[in-house]
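Undergrad: You'll find model23.csv just under this line, and it carries CSV, C-alpha atoms and all ligand atoms.
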```
chain,number,residue,atom,x,y,z
A,9,MET,CA,10.8,29.5,9.0
A,10,GLN,CA,12.1,27.3,11.7
A,11,PHE,CA,10.4,23.9,11.8
A,12,THR,CA,10.9,20.9,14.2
A,13,ASP,CA,13.6,18.4,13.6
A,14,ARG,CA,10.9,15.7,13.2
A,15,ILE,CA,9.1,17.4,10.3
A,16,ASN,CA,12.5,18.1,8.7
A,17,ARG,CA,13.3,14.4,8.7
A,18,ILE,CA,10.5,13.6,6.2
A,19,GLN,CA,9.6,14.5,2.6
A,20,ILE,CA,6.3,15.0,0.8
A,21,SER,CA,5.1,11.7,-0.5
A,22,PRO,CA,6.8,11.2,-3.9
A,23,THR,CA,3.6,9.5,-5.3
A,24,ALA,CA,1.6,12.6,-4.4
A,25,ALA,CA,4.3,14.7,-6.1
A,26,VAL,CA,3.9,12.7,-9.4
A,27,ILE,CA,0.1,12.9,-9.2
A,28,SER,CA,0.2,16.7,-8.8
A,29,GLU,CA,2.6,17.1,-11.8
A,30,ALA,CA,0.3,15.0,-13.9
A,31,GLU,CA,-2.7,17.0,-12.7
A,32,LYS,CA,-1.1,20.2,-13.7
A,33,LEU,CA,-0.6,19.0,-17.3
A,34,LYS,CA,-4.2,17.6,-17.4
A,35,SER,CA,-5.5,21.0,-16.3
A,36,ARG,CA,-3.8,22.5,-19.4
A,37,GLY,CA,-5.7,20.0,-21.5
A,38,VAL,CA,-2.9,17.5,-22.1
A,39,ASP,CA,-4.1,13.9,-22.4
A,40,ILE,CA,-2.0,11.9,-19.9
A,41,ALA,CA,-1.8,8.1,-19.8
A,42,ASP,CA,-1.9,8.0,-16.0
A,43,PHE,CA,-0.3,5.1,-14.2
A,44,GLY,CA,0.3,7.1,-11.1
A,45,PRO,CA,-2.4,6.8,-8.5
A,46,GLY,CA,-2.6,3.8,-6.3
A,47,GLU,CA,-6.3,3.6,-6.1
A,48,PRO,CA,-9.1,1.6,-7.6
A,49,ASP,CA,-10.8,3.2,-10.6
A,50,PHE,CA,-14.0,1.5,-9.6
A,51,PRO,CA,-16.8,3.4,-7.8
A,52,THR,CA,-17.6,2.6,-4.2
A,53,PRO,CA,-20.3,-0.1,-4.3
A,54,ASP,CA,-23.9,1.1,-4.2
A,55,HIS,CA,-25.0,-0.6,-1.0
A,56,ILE,CA,-22.1,1.1,0.8
A,57,LYS,CA,-23.0,4.5,-0.6
A,58,LYS,CA,-26.6,4.0,0.5
A,59,ALA,CA,-25.6,3.2,4.0
A,60,ALA,CA,-23.8,6.5,4.2
A,61,ILE,CA,-26.8,8.4,2.9
A,62,LYS,CA,-29.0,6.6,5.4
A,63,ALA,CA,-26.5,7.6,8.2
A,64,ILE,CA,-26.7,11.3,7.1
A,65,GLU,CA,-30.5,11.1,7.0
A,66,GLU,CA,-30.6,9.6,10.5
A,67,ASN,CA,-28.4,12.4,11.8
A,68,LYS,CA,-25.5,10.1,12.7
A,69,SER,CA,-23.3,13.1,12.4
A,70,LYS,CA,-22.1,13.5,16.0
A,71,TYR,CA,-18.8,12.6,17.7
A,72,THR,CA,-18.4,8.9,18.2
A,73,PRO,CA,-16.0,7.1,20.6
A,74,ALA,CA,-12.4,8.0,19.6
A,75,GLY,CA,-11.7,4.4,18.7
A,76,GLY,CA,-14.8,4.0,16.5
A,77,ILE,CA,-18.4,2.9,17.0
A,78,MET,CA,-18.7,-0.5,18.7
A,79,PRO,CA,-20.8,-2.1,15.9
A,80,LEU,CA,-18.0,-1.3,13.5
A,81,ARG,CA,-15.2,-2.7,15.8
A,82,GLU,CA,-17.3,-5.9,16.1
A,83,ALA,CA,-18.0,-6.1,12.4
A,84,ILE,CA,-14.3,-5.7,11.5
A,85,CYS,CA,-13.3,-8.5,13.9
A,86,ALA,CA,-16.1,-10.7,12.4
A,87,TRP,CA,-15.1,-9.9,8.9
A,88,HIS,CA,-11.4,-10.5,9.6
A,89,LYS,CA,-12.3,-13.9,11.2
A,90,ARG,CA,-14.5,-14.9,8.3
A,91,GLU,CA,-12.2,-13.7,5.5
A,92,LEU,CA,-8.7,-14.3,7.0
A,93,GLY,CA,-9.2,-16.8,9.9
A,94,SER,CA,-8.2,-14.6,12.9
A,95,SER,CA,-9.9,-14.4,16.3
A,96,TYR,CA,-9.9,-10.8,17.5
A,97,ASP,CA,-12.2,-9.4,20.1
A,98,PRO,CA,-13.6,-5.8,19.6
A,99,LYS,CA,-11.4,-4.7,22.5
A,100,GLU,CA,-8.4,-5.6,20.2
A,101,CYS,CA,-9.6,-3.4,17.4
A,102,VAL,CA,-9.5,0.4,16.8
A,103,VAL,CA,-11.0,2.3,13.8
A,104,SER,CA,-8.7,4.9,12.3
A,105,VAL,CA,-8.7,7.5,9.5
A,106,GLY,CA,-7.2,5.0,7.0
A,107,GLY,CA,-4.4,2.4,7.0
A,108,LYS,CA,-1.8,5.2,6.8
A,109,HIS,CA,-3.2,6.7,10.0
A,110,SER,CA,-3.1,3.3,11.7
A,111,ILE,CA,0.6,2.9,10.7
A,112,PHE,CA,1.4,6.4,11.9
A,113,ASN,CA,-0.2,5.9,15.2
A,114,VAL,CA,1.4,2.5,15.8
A,115,MET,CA,4.8,4.0,15.2
A,116,SER,CA,4.0,6.9,17.5
A,117,VAL,CA,3.1,4.5,20.3
A,118,LEU,CA,5.9,2.0,19.8
A,119,ILE,CA,8.9,3.7,18.2
A,120,GLN,CA,11.3,6.2,19.6
A,121,GLN,CA,14.9,7.4,19.3
A,122,GLY,CA,17.3,4.5,19.1
A,123,ASP,CA,14.7,1.9,17.9
A,124,GLU,CA,15.3,0.1,14.6
A,125,VAL,CA,12.4,-0.9,12.3
A,126,ILE,CA,13.1,-3.5,9.6
A,127,ILE,CA,11.5,-2.8,6.2
A,128,PRO,CA,11.8,-5.1,3.2
A,129,ALA,CA,12.8,-3.1,0.1
A,130,PRO,CA,11.4,-2.1,-2.3
A,131,TYR,CA,8.9,-0.6,0.1
A,132,TRP,CA,5.8,1.5,0.2
A,133,VAL,CA,7.0,5.2,0.2
A,134,SER,CA,5.5,6.1,3.5
A,135,PHE,CA,7.0,3.4,5.7
A,136,PRO,CA,10.5,4.9,6.2
A,137,ASP,CA,9.3,8.4,6.6
A,138,ILE,CA,6.7,7.5,9.3
A,139,VAL,CA,9.4,5.6,11.1
A,140,LYS,CA,11.8,8.6,10.9
A,141,TYR,CA,9.1,10.9,12.1
A,142,ALA,CA,8.6,8.8,15.1
A,143,GLY,CA,12.4,9.0,15.8
A,144,GLY,CA,13.3,5.5,14.7
A,145,THR,CA,15.8,4.2,12.2
A,146,PRO,CA,14.6,2.2,9.1
A,147,VAL,CA,16.7,-0.8,8.3
A,148,PHE,CA,16.2,-2.1,4.8
A,149,VAL,CA,16.3,-5.8,3.8
A,150,GLU,CA,16.6,-6.2,0.0
A,151,THR,CA,14.3,-8.6,-1.8
A,152,LYS,CA,15.1,-10.0,-5.3
A,153,PRO,CA,13.0,-9.9,-8.5
A,154,GLU,CA,13.9,-13.5,-9.2
A,155,GLU,CA,12.3,-14.5,-5.9
A,156,GLY,CA,9.2,-12.5,-6.7
A,157,PHE,CA,10.3,-9.7,-4.3
A,158,SER,CA,9.3,-12.0,-1.4
A,159,VAL,CA,11.3,-11.6,1.8
A,160,LYS,CA,12.8,-14.6,3.5
A,161,ALA,CA,12.8,-15.3,7.3
A,162,SER,CA,16.6,-15.9,7.1
A,163,ALA,CA,17.1,-12.4,5.7
A,164,ILE,CA,15.0,-10.9,8.4
A,165,GLU,CA,16.9,-12.7,11.1
A,166,LYS,CA,20.2,-11.4,9.8
A,167,ALA,CA,19.0,-7.8,10.0
A,168,VAL,CA,17.8,-8.2,13.7
A,169,THR,CA,19.9,-6.3,16.3
A,170,PRO,CA,19.3,-5.7,20.0
A,171,ARG,CA,17.7,-2.4,18.9
A,172,THR,CA,15.2,-3.9,16.5
A,173,LYS,CA,11.7,-3.1,17.7
A,174,LEU,CA,9.4,-3.9,14.8
A,175,LEU,CA,9.2,-5.4,11.3
A,176,ILE,CA,6.8,-4.1,8.7
A,177,LEU,CA,5.6,-6.7,6.3
A,178,ASN,CA,3.3,-5.6,3.5
A,179,SER,CA,2.0,-8.6,1.6
A,180,PRO,CA,0.8,-8.2,-1.2
A,181,SER,CA,3.3,-5.4,-1.6
A,182,ASN,CA,3.0,-2.0,-3.0
A,183,PRO,CA,5.1,-1.4,-5.2
A,184,THR,CA,6.2,-4.9,-6.3
A,185,GLY,CA,3.1,-7.0,-5.9
A,186,GLY,CA,5.3,-9.5,-4.0
A,187,ILE,CA,3.6,-12.0,-1.7
A,188,VAL,CA,5.1,-13.7,1.3
A,189,PRO,CA,3.8,-17.3,1.2
A,190,PRO,CA,2.1,-18.5,4.5
A,191,ASP,CA,4.9,-20.9,5.5
A,192,GLU,CA,7.6,-18.3,5.0
A,193,TYR,CA,5.4,-15.7,6.9
A,194,GLN,CA,5.1,-18.2,9.8
A,195,GLY,CA,8.9,-18.6,9.7
A,196,ILE,CA,9.2,-14.8,10.0
A,197,LEU,CA,6.7,-14.8,12.9
A,198,ALA,CA,9.0,-17.3,14.6
A,199,VAL,CA,12.0,-15.1,14.1
A,200,CYS,CA,10.1,-12.1,15.5
A,201,ARG,CA,8.9,-14.1,18.5
A,202,LYS,CA,12.4,-15.4,19.2
A,203,HIS,CA,13.9,-11.9,19.2
A,204,LYS,CA,10.9,-10.2,20.8
A,205,VAL,CA,10.2,-8.0,17.8
A,206,TRP,CA,6.7,-6.7,16.9
A,207,LEU,CA,5.5,-8.0,13.5
A,208,MET,CA,3.3,-5.4,11.8
A,209,GLY,CA,1.4,-6.9,8.8
A,210,ASP,CA,0.0,-4.3,6.4
A,211,GLU,CA,-2.9,-6.1,4.8
A,212,CYS,CA,-4.3,-3.2,2.7
A,213,TYR,CA,-4.1,-5.4,-0.5
A,214,SER,CA,-5.1,-8.7,1.2
A,215,HIS,CA,-7.9,-9.4,-1.2
A,216,PHE,CA,-6.0,-8.6,-4.4
A,217,THR,CA,-4.1,-11.8,-5.0
A,218,TYR,CA,-3.8,-13.7,-8.2
A,219,GLU,CA,-3.7,-17.5,-8.7
A,220,PRO,CA,-2.0,-19.5,-7.1
A,221,HIS,CA,-2.0,-17.0,-4.2
A,222,LYS,CA,-4.8,-16.7,-1.8
A,223,PRO,CA,-5.6,-13.9,0.8
A,224,TYR,CA,-3.7,-14.7,4.0
A,225,SER,CA,-3.3,-13.1,7.4
A,226,ILE,CA,-0.5,-13.9,9.8
A,227,ALA,CA,-3.1,-13.3,12.5
A,228,SER,CA,-4.5,-16.7,11.6
A,229,ALA,CA,-1.2,-18.4,12.7
A,230,ALA,CA,-0.7,-20.0,16.1
A,231,GLY,CA,1.4,-17.8,18.4
A,232,SER,CA,0.4,-14.5,16.7
A,233,GLU,CA,-1.5,-13.1,19.8
A,234,GLU,CA,1.3,-11.4,21.5
A,235,ASN,CA,3.4,-9.6,19.0
A,236,VAL,CA,1.4,-9.3,15.8
A,237,ILE,CA,-0.2,-6.0,14.7
A,238,ILE,CA,-2.6,-6.0,11.7
A,239,ILE,CA,-3.1,-2.9,9.7
A,240,GLY,CA,-6.2,-3.0,7.4
A,241,SER,CA,-8.2,-0.6,5.4
A,242,VAL,CA,-11.5,-0.4,3.4
A,243,SER,CA,-9.7,1.8,0.8
A,244,LYS,CA,-8.6,-0.7,-1.7
A,245,THR,CA,-10.9,-3.8,-1.0
A,246,PHE,CA,-14.1,-1.7,-1.3
A,247,ALA,CA,-12.9,1.1,-3.5
A,248,MET,CA,-13.3,3.6,-0.7
A,249,THR,CA,-10.0,5.5,-0.7
A,250,GLY,CA,-11.6,8.9,-0.1
A,251,TRP,CA,-13.8,7.7,2.8
A,252,ARG,CA,-10.7,7.4,5.1
A,253,ILE,CA,-11.4,4.3,7.2
A,254,GLY,CA,-8.8,1.9,8.4
A,255,TYR,CA,-8.2,-0.2,11.4
A,256,THR,CA,-5.6,-1.8,13.7
A,257,LEU,CA,-5.9,-5.2,15.3
A,258,GLY,CA,-3.6,-6.2,18.1
A,259,PRO,CA,-3.1,-6.8,21.8
A,260,GLU,CA,-5.6,-4.9,23.9
A,261,VAL,CA,-3.0,-2.8,25.8
A,262,LEU,CA,-1.6,-1.6,22.5
A,263,ILE,CA,-5.1,-0.8,21.2
A,264,GLN,CA,-5.8,1.2,24.4
A,265,ALA,CA,-2.7,3.3,23.8
A,266,LEU,CA,-3.8,3.9,20.2
A,267,ILE,CA,-7.2,5.0,21.3
A,268,LYS,CA,-5.6,7.3,23.9
A,269,LEU,CA,-3.5,8.9,21.1
A,270,GLN,CA,-6.6,9.3,18.8
A,271,SER,CA,-8.5,10.8,21.8
A,272,GLN,CA,-5.9,13.6,21.9
A,273,SER,CA,-5.4,14.0,18.2
A,274,THR,CA,-7.9,13.1,15.4
A,275,SER,CA,-10.7,11.9,17.7
A,276,ASN,CA,-13.0,9.6,15.8
A,277,ALA,CA,-12.9,8.9,12.1
A,278,THR,CA,-15.9,10.5,10.3
A,279,SER,CA,-19.1,9.1,11.7
A,280,ILE,CA,-20.8,8.8,8.3
A,281,ALA,CA,-17.8,7.0,6.8
A,282,GLN,CA,-17.9,4.6,9.8
A,283,TYR,CA,-21.5,3.6,8.9
A,284,ALA,CA,-20.4,3.1,5.3
A,285,ALA,CA,-17.6,0.9,6.4
A,286,LEU,CA,-20.0,-1.0,8.7
A,287,GLU,CA,-22.0,-1.9,5.6
A,288,ALA,CA,-18.8,-2.8,3.7
A,289,MET,CA,-17.9,-5.3,6.5
A,290,ARG,CA,-21.4,-6.7,6.9
A,291,GLY,CA,-22.7,-6.6,3.4
A,292,THR,CA,-22.1,-8.5,0.2
A,293,MET,CA,-18.5,-9.0,-1.0
A,294,GLU,CA,-19.6,-9.7,-4.6
A,295,THR,CA,-17.9,-6.6,-6.0
A,296,VAL,CA,-14.5,-7.8,-4.9
A,297,PRO,CA,-14.1,-10.8,-7.3
A,298,VAL,CA,-15.5,-8.6,-10.1
A,299,MET,CA,-12.7,-6.0,-9.5
A,300,LEU,CA,-10.1,-8.7,-9.1
A,301,ALA,CA,-11.1,-10.4,-12.4
A,302,GLU,CA,-10.7,-7.0,-14.2
A,303,TYR,CA,-7.3,-6.4,-12.5
A,304,GLU,CA,-6.2,-9.8,-13.6
A,305,LYS,CA,-6.9,-9.0,-17.3
A,306,ARG,CA,-5.1,-5.7,-16.9
A,307,ARG,CA,-2.1,-7.3,-15.2
A,308,LYS,CA,-1.7,-9.7,-18.1
A,309,ARG,CA,-1.9,-6.9,-20.7
A,310,ILE,CA,0.5,-4.5,-18.9
A,311,VAL,CA,3.1,-7.1,-18.0
A,312,GLU,CA,3.1,-8.6,-21.5
A,313,GLY,CA,3.2,-5.1,-23.0
A,314,LEU,CA,6.1,-3.9,-20.9
A,315,ARG,CA,8.1,-7.1,-21.5
A,316,ALA,CA,7.7,-6.5,-25.3
A,317,ILE,CA,9.6,-3.2,-25.0
A,318,PRO,CA,13.3,-3.8,-25.6
A,319,GLY,CA,15.5,-3.3,-22.5
A,320,ILE,CA,12.5,-3.6,-20.1
A,321,THR,CA,12.1,-6.6,-17.8
A,322,CYS,CA,9.1,-7.1,-15.6
A,323,GLU,CA,8.1,-9.8,-13.0
A,324,TRP,CA,4.6,-11.1,-12.6
A,325,PRO,CA,3.1,-9.3,-9.6
A,326,GLY,CA,1.5,-11.9,-7.3
A,327,GLY,CA,-1.0,-9.4,-5.9
A,328,ALA,CA,-2.0,-5.7,-5.6
A,329,PHE,CA,-2.4,-3.6,-8.8
A,330,TYR,CA,1.1,-2.5,-9.7
A,331,ALA,CA,3.6,-3.5,-12.4
A,332,PHE,CA,7.2,-2.9,-11.4
A,333,PRO,CA,9.4,-3.0,-14.4
A,334,ASN,CA,13.1,-2.6,-14.5
A,335,ALA,CA,14.4,0.0,-16.9
A,336,SER,CA,18.1,0.0,-16.0
A,337,ALA,CA,19.1,-0.9,-19.5
A,338,HIS,CA,17.9,2.5,-20.6
A,339,LEU,CA,19.8,4.4,-17.9
A,340,GLY,CA,23.3,5.7,-17.5
A,341,GLU,CA,25.7,8.2,-19.0
A,342,GLY,CA,26.3,6.5,-22.3
A,343,ARG,CA,25.0,7.5,-25.8
A,344,HIS,CA,22.3,4.8,-25.7
A,345,ALA,CA,20.9,5.9,-22.4
A,346,HIS,CA,17.7,7.9,-22.1
A,347,ALA,CA,18.3,9.3,-18.7
A,348,LYS,CA,20.7,9.2,-15.8
A,349,ASN,CA,18.2,7.6,-13.4
A,350,CYS,CA,14.5,6.7,-13.1
A,351,SER,CA,13.5,10.1,-11.6
A,352,GLU,CA,14.9,11.8,-14.7
A,353,LEU,CA,13.3,9.1,-16.9
A,354,SER,CA,9.9,9.5,-15.4
A,355,LYS,CA,10.1,13.3,-15.8
A,356,LEU,CA,10.9,12.8,-19.5
A,357,LEU,CA,8.1,10.2,-19.9
A,358,LEU,CA,5.6,12.7,-18.4
A,359,GLU,CA,6.8,15.7,-20.5
A,360,LYS,CA,7.6,14.0,-23.8
A,361,ALA,CA,5.4,10.8,-23.9
A,362,HIS,CA,2.6,12.1,-21.6
A,363,VAL,CA,2.8,9.0,-19.5
A,364,ALA,CA,2.6,9.4,-15.7
A,365,LEU,CA,4.3,6.8,-13.5
A,366,VAL,CA,6.4,6.8,-10.3
A,367,PRO,CA,10.2,6.3,-10.3
A,368,GLY,CA,11.6,3.4,-8.3
A,369,GLU,CA,13.8,5.7,-6.2
A,370,ALA,CA,10.7,6.6,-4.3
A,371,PHE,CA,10.4,2.9,-3.2
A,372,GLY,CA,14.1,2.4,-2.5
A,373,ALA,CA,14.5,0.7,-5.9
A,374,PRO,CA,16.6,2.7,-8.3
A,375,GLY,CA,16.3,1.4,-11.9
A,376,TYR,CA,12.6,0.5,-11.5
A,377,LEU,CA,9.3,2.2,-12.4
A,378,ARG,CA,5.9,1.7,-10.8
A,379,LEU,CA,2.9,1.6,-13.0
A,380,SER,CA,-0.5,1.3,-11.3
A,381,TYR,CA,-2.9,-0.7,-13.5
A,382,ALA,CA,-5.9,0.5,-11.7
A,383,THR,CA,-7.0,2.1,-14.9
A,384,SER,CA,-9.0,0.9,-17.9
A,385,ILE,CA,-7.6,-1.6,-20.5
A,386,GLU,CA,-8.0,1.2,-23.2
A,387,ARG,CA,-5.8,3.5,-21.2
A,388,ILE,CA,-3.3,0.7,-20.6
A,389,GLU,CA,-3.2,0.1,-24.3
A,390,GLU,CA,-2.7,3.8,-25.0
A,391,GLY,CA,0.0,4.1,-22.4
A,392,LEU,CA,1.9,1.0,-23.7
A,393,ARG,CA,1.8,2.5,-27.2
A,394,ARG,CA,3.3,5.7,-25.9
A,395,LEU,CA,6.0,3.9,-24.0
A,396,GLU,CA,6.9,1.7,-27.0
A,397,ARG,CA,7.2,4.8,-29.2
A,398,PHE,CA,9.3,6.7,-26.6
A,399,PHE,CA,11.7,3.9,-26.1
A,400,SER,CA,12.0,2.9,-29.8
A,401,ARG,CA,12.4,6.5,-31.0
A,402,ALA,CA,15.3,7.0,-28.6
A,403,GLU,CA,16.6,3.6,-29.6
A,404,ALA,CA,16.6,4.6,-33.3
A,405,ALA,CA,18.2,7.9,-32.5
A,406,ALA,CA,21.0,6.1,-30.7
B,501,LIG,N1,-0.3,0.6,3.0
B,501,LIG,C1,0.0,0.5,1.7
B,501,LIG,C2,1.0,-0.5,1.3
B,501,LIG,C3,-0.6,1.3,0.8
B,501,LIG,O1,-0.2,1.2,-0.5
B,501,LIG,C4,-1.5,2.3,1.2
B,501,LIG,C5,-2.1,3.2,0.3
B,501,LIG,O2,-1.7,3.4,-0.8
B,501,LIG,C6,-1.8,2.3,2.6
B,501,LIG,C7,-1.2,1.5,3.5
B,501,LIG,C8,-2.8,3.3,3.2
B,501,LIG,O3,-4.0,3.3,2.6
B,501,LIG,P1,-5.2,4.1,3.3
B,501,LIG,O4,-4.6,5.1,4.2
B,501,LIG,O5,-6.0,4.7,2.2
B,501,LIG,O6,-6.0,3.1,4.1
```
Let's see the structure in the file written out as structure tokens.
TA:
Amino acid sequence: MQFTDRINRIQISPTAAVISEAEKLKSRGVDIADFGPGEPDFPTPDHIKKAAIKAIEENKSKYTPAGGIMPLREAICAWHKRELGSSYDPKECVVSVGGKHSIFNVMSVLIQQGDEVIIPAPYWVSFPDIVKYAGGTPVFVETKPEEGFSVKASAIEKAVTPRTKLLILNSPSNPTGGIVPPDEYQGILAVCRKHKVWLMGDECYSHFTYEPHKPYSIASAAGSEENVIIIGSVSKTFAMTGWRIGYTLGPEVLIQALIKLQSQSTSNATSIAQYAALEAMRGTMETVPVMLAEYEKRRKRIVEGLRAIPGITCEWPGGAFYAFPNASAHLGEGRHAHAKNCSELSKLLLEKAHVALVPGEAFGAPGYLRLSYATSIERIEEGLRRLERFFSRAEAAA
């Protein structure tokens, strides 16, 4: 069948592919230590669920404005101001069907053939494909493990060309947990302003930061009004991945273009989910530190456990809920190698050790593996035992 060039430019999300392979084994009764999915294992907080039930009972089940109900747009701006120090007006906010939808729409509105988009690597799997779908060219800037995978303003400036239209900055990062400190972020903003480049901050993990880091938004910096676009989501912060509510904050003209696109494509995000998100934004945030404290414990256990496996190195992620170990010492063609690359290694780990994780190739980082620690300590312990066994058995055989 003949498809368009634009759909042929992209691939199915590799994380989705891993999840579906693991699900197949699970359905056959295989016990999988699953480090695949990038979503909180906590339930959506009760007060948010109750708000959705109330919305259903009150028949709030009709179309809403394409850009979202006004109380939610107001509440998002108020929440972002309170939590992250910005000063957006509801006219500068649009509600979308998740952070990914927001990113997709921003690219559709701003990027076309010939435009370059700078993406620090390792990157979240969807960034380059969304850019390519829009017709743009992703330009990668490598970050280093010894620098906590944090990108520098000087590296961004080197990558800027007359064709650069936009920079995507995801801090804390999926997959590395890397965080761009506020002073460096402001340096990056200055570079973007100097070269008239949009700075799109993906803040989906804003509230999952570990000491000494704190939640930070570049929208709180002076001079961010003209060229900063903020992508946010209730998915991770409020354990609401399935509800599909995200938002974009930015200059009013851009928001109007995004609403125009939504009015001709998705229309509004689900009305019931919008009322749930309204409660998330207005209600108590007490579940967030509880989740964070749990992630902190898991982070410690998984990083220490991975570091104890011979040939594996692993940095401390500054935020999010992913460990990103390097397994290069186990790769290659030699007798001691377990696999040629991480894609092959992750297949072996799934089939032989029943451990599901995502190979680094998916994130532009060959040699690395991504393990989500949004799973219980017991499952982390079990997964680590399996990994230790897998690597030491092969070690002994070599
Ligand atoms: N941005 C990053 C870096 C992510 O990891 C994700 C989800 O995994 C998203 C955006 C999109 O999240 P959602 O569409 O659920 O809001």
Undergrad: Out of A:Phe112, A:Trp87, A:Trp206, A:Phe398, which residue has the shortest atom-to-atom distance to A:Gly291 when counting all atoms listed in the file?
TA: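 So, comparing all the options, the nearest one is A:Trp87.
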Undergrad: Using only C-alpha atoms, give me every residue within 12 Å of (9.7, -15.6, 17.1) in file coordinates, as a VMD selection string.
TA: chain A and resid 161 164 to 165 168 174 to 175 193 to 207 230 to 236
Undergrad: Quick one: contact table of chain A to ligand LIG 501 (chain B), 7 Å max, nearest atom pair and distance in Å to one decimal per residue, counting all atoms listed in the file, chain and number order, as a Markdown table?
TA:
```
| residue | atom | partner | partner_atom | distance |
| --- | --- | --- | --- | --- |
| A:Gly46 | CA | B:LIG501 | O2 | 5.6 |
| A:Gly106 | CA | B:LIG501 | O6 | 3.7 |
| A:Gly107 | CA | B:LIG501 | O6 | 3.4 |
| A:Lys108 | CA | B:LIG501 | O4 | 3.8 |
| A:His109 | CA | B:LIG501 | O4 | 6.2 |
| A:Trp132 | CA | B:LIG501 | C2 | 5.3 |
| A:Asn178 | CA | B:LIG501 | C2 | 6.0 |
| A:Ser181 | CA | B:LIG501 | C2 | 6.1 |
| A:Asn182 | CA | B:LIG501 | C2 | 5.0 |
| A:Asp210 | CA | B:LIG501 | N1 | 6.0 |
| A:Cys212 | CA | B:LIG501 | N1 | 5.5 |
| A:Gly240 | CA | B:LIG501 | O6 | 6.9 |
| A:Ser241 | CA | B:LIG501 | O6 | 4.5 |
| A:Val242 | CA | B:LIG501 | O6 | 6.6 |
| A:Ser243 | CA | B:LIG501 | O5 | 4.9 |
| A:Thr249 | CA | B:LIG501 | O5 | 5.0 |
| A:Arg252 | CA | B:LIG501 | O5 | 6.1 |
| A:Ile253 | CA | B:LIG501 | O6 | 6.3 |
| A:Gly254 | CA | B:LIG501 | O6 | 5.3 |
```
Undergrad: Which residues are close to A:Arg14, i.e. within 8 Å by all atoms listed in the file, leaving aside same-chain residues fewer than 3 positions away? Reply as a PyMOL selection string.
TA: chain A and resi 17-18+140-143
Undergrad: Out of A:Ser110, A:Gln121, A:Asn349, A:Ser279, which residue has the shortest atom-to-atom distance to A:Ile239 when counting only C-alpha atoms?
TA: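 Comparing A:Ser110, A:Gln121, A:Asn349, A:Ser279 against A:Ile239, the winner is A:Ser110.
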Undergrad: Could you please determine the separation between atom CA of A:Asp54 and atom CA of A:Pro73 in Å, to one decimal place?
TA: 26.7 Å
Undergrad: Identify, on the basis of only C-alpha atoms, every residue whose closest approach to A:Gly144 does not exceed 7 Å; exclude the query and any residue fewer than 6 positions from it along the same chain; express the result as a list in words.
TA: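 The neighbour list is Ile119, Gln120, Gln121, Gly122, Asp123, Glu124 and Val125 of chain A.
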Undergrad: Please identify all polymer residues within 9 Å of A:Ala60, counting only C-alpha atoms, omitting same-chain residues fewer than 3 positions from it, and present them as a list of chain:residue names.
TA: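 Counting only C-alpha atoms, the residues come to A:His55, A:Ile56, A:Lys57, A:Ala63, A:Ile64, A:Glu65, A:Ile280, A:Ala281, A:Gln282, A:Tyr283, A:Ala284, A:Ala285, A:Glu287.
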Undergrad: Convert the current residue selection to file output with C-alpha atoms, as a compact mmCIF listing (two decimals), in the frame of the given file.
TA:
```
# COMPACT_ATOMS: atom_id res chain seq x y z
CA HIS A 55 -25.00 -0.60 -1.00
CA ILE A 56 -22.10 1.10 0.80
CA LYS A 57 -23.00 4.50 -0.60
CA ALA A 63 -26.50 7.60 8.20
CA ILE A 64 -26.70 11.30 7.10
CA GLU A 65 -30.50 11.10 7.00
CA ILE A 280 -20.80 8.80 8.30
CA ALA A 281 -17.80 7.00 6.80
CA GLN A 282 -17.90 4.60 9.80
CA TYR A 283 -21.50 3.60 8.90
CA ALA A 284 -20.40 3.10 5.30
CA ALA A 285 -17.60 0.90 6.40
CA GLU A 287 -22.00 -1.90 5.60
```
Undergrad: Could you list, as a JSON list (two decimals) with C-alpha atoms, keeping the file's coordinate frame, every residue within 12 Å of A:Asp97, counting only C-alpha atoms and ignoring same-chain residues fewer than 2 positions away?
TA:
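Heads up, here's the output in part.json:
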```json
[["chain", "number", "residue", "atom", "x", "y", "z"],
["A", 78, "MET", "CA", -18.70, -0.50, 18.70],
["A", 80, "LEU", "CA", -18.00, -1.30, 13.50],
["A", 81, "ARG", "CA", -15.20, -2.70, 15.80],
["A", 82, "GLU", "CA", -17.30, -5.90, 16.10],
["A", 83, "ALA", "CA", -18.00, -6.10, 12.40],
["A", 84, "ILE", "CA", -14.30, -5.70, 11.50],
["A", 85, "CYS", "CA", -13.30, -8.50, 13.90],
["A", 86, "ALA", "CA", -16.10, -10.70, 12.40],
["A", 87, "TRP", "CA", -15.10, -9.90, 8.90],
["A", 88, "HIS", "CA", -11.40, -10.50, 9.60],
["A", 89, "LYS", "CA", -12.30, -13.90, 11.20],
["A", 94, "SER", "CA", -8.20, -14.60, 12.90],
["A", 95, "SER", "CA", -9.90, -14.40, 16.30],
["A", 99, "LYS", "CA", -11.40, -4.70, 22.50],
["A", 100, "GLU", "CA", -8.40, -5.60, 20.20],
["A", 101, "CYS", "CA", -9.60, -3.40, 17.40],
["A", 102, "VAL", "CA", -9.50, 0.40, 16.80],
["A", 233, "GLU", "CA", -1.50, -13.10, 19.80],
["A", 256, "THR", "CA", -5.60, -1.80, 13.70],
["A", 257, "LEU", "CA", -5.90, -5.20, 15.30],
["A", 258, "GLY", "CA", -3.60, -6.20, 18.10],
["A", 259, "PRO", "CA", -3.10, -6.80, 21.80],
["A", 260, "GLU", "CA", -5.60, -4.90, 23.90],
["A", 263, "ILE", "CA", -5.10, -0.80, 21.20]]
```
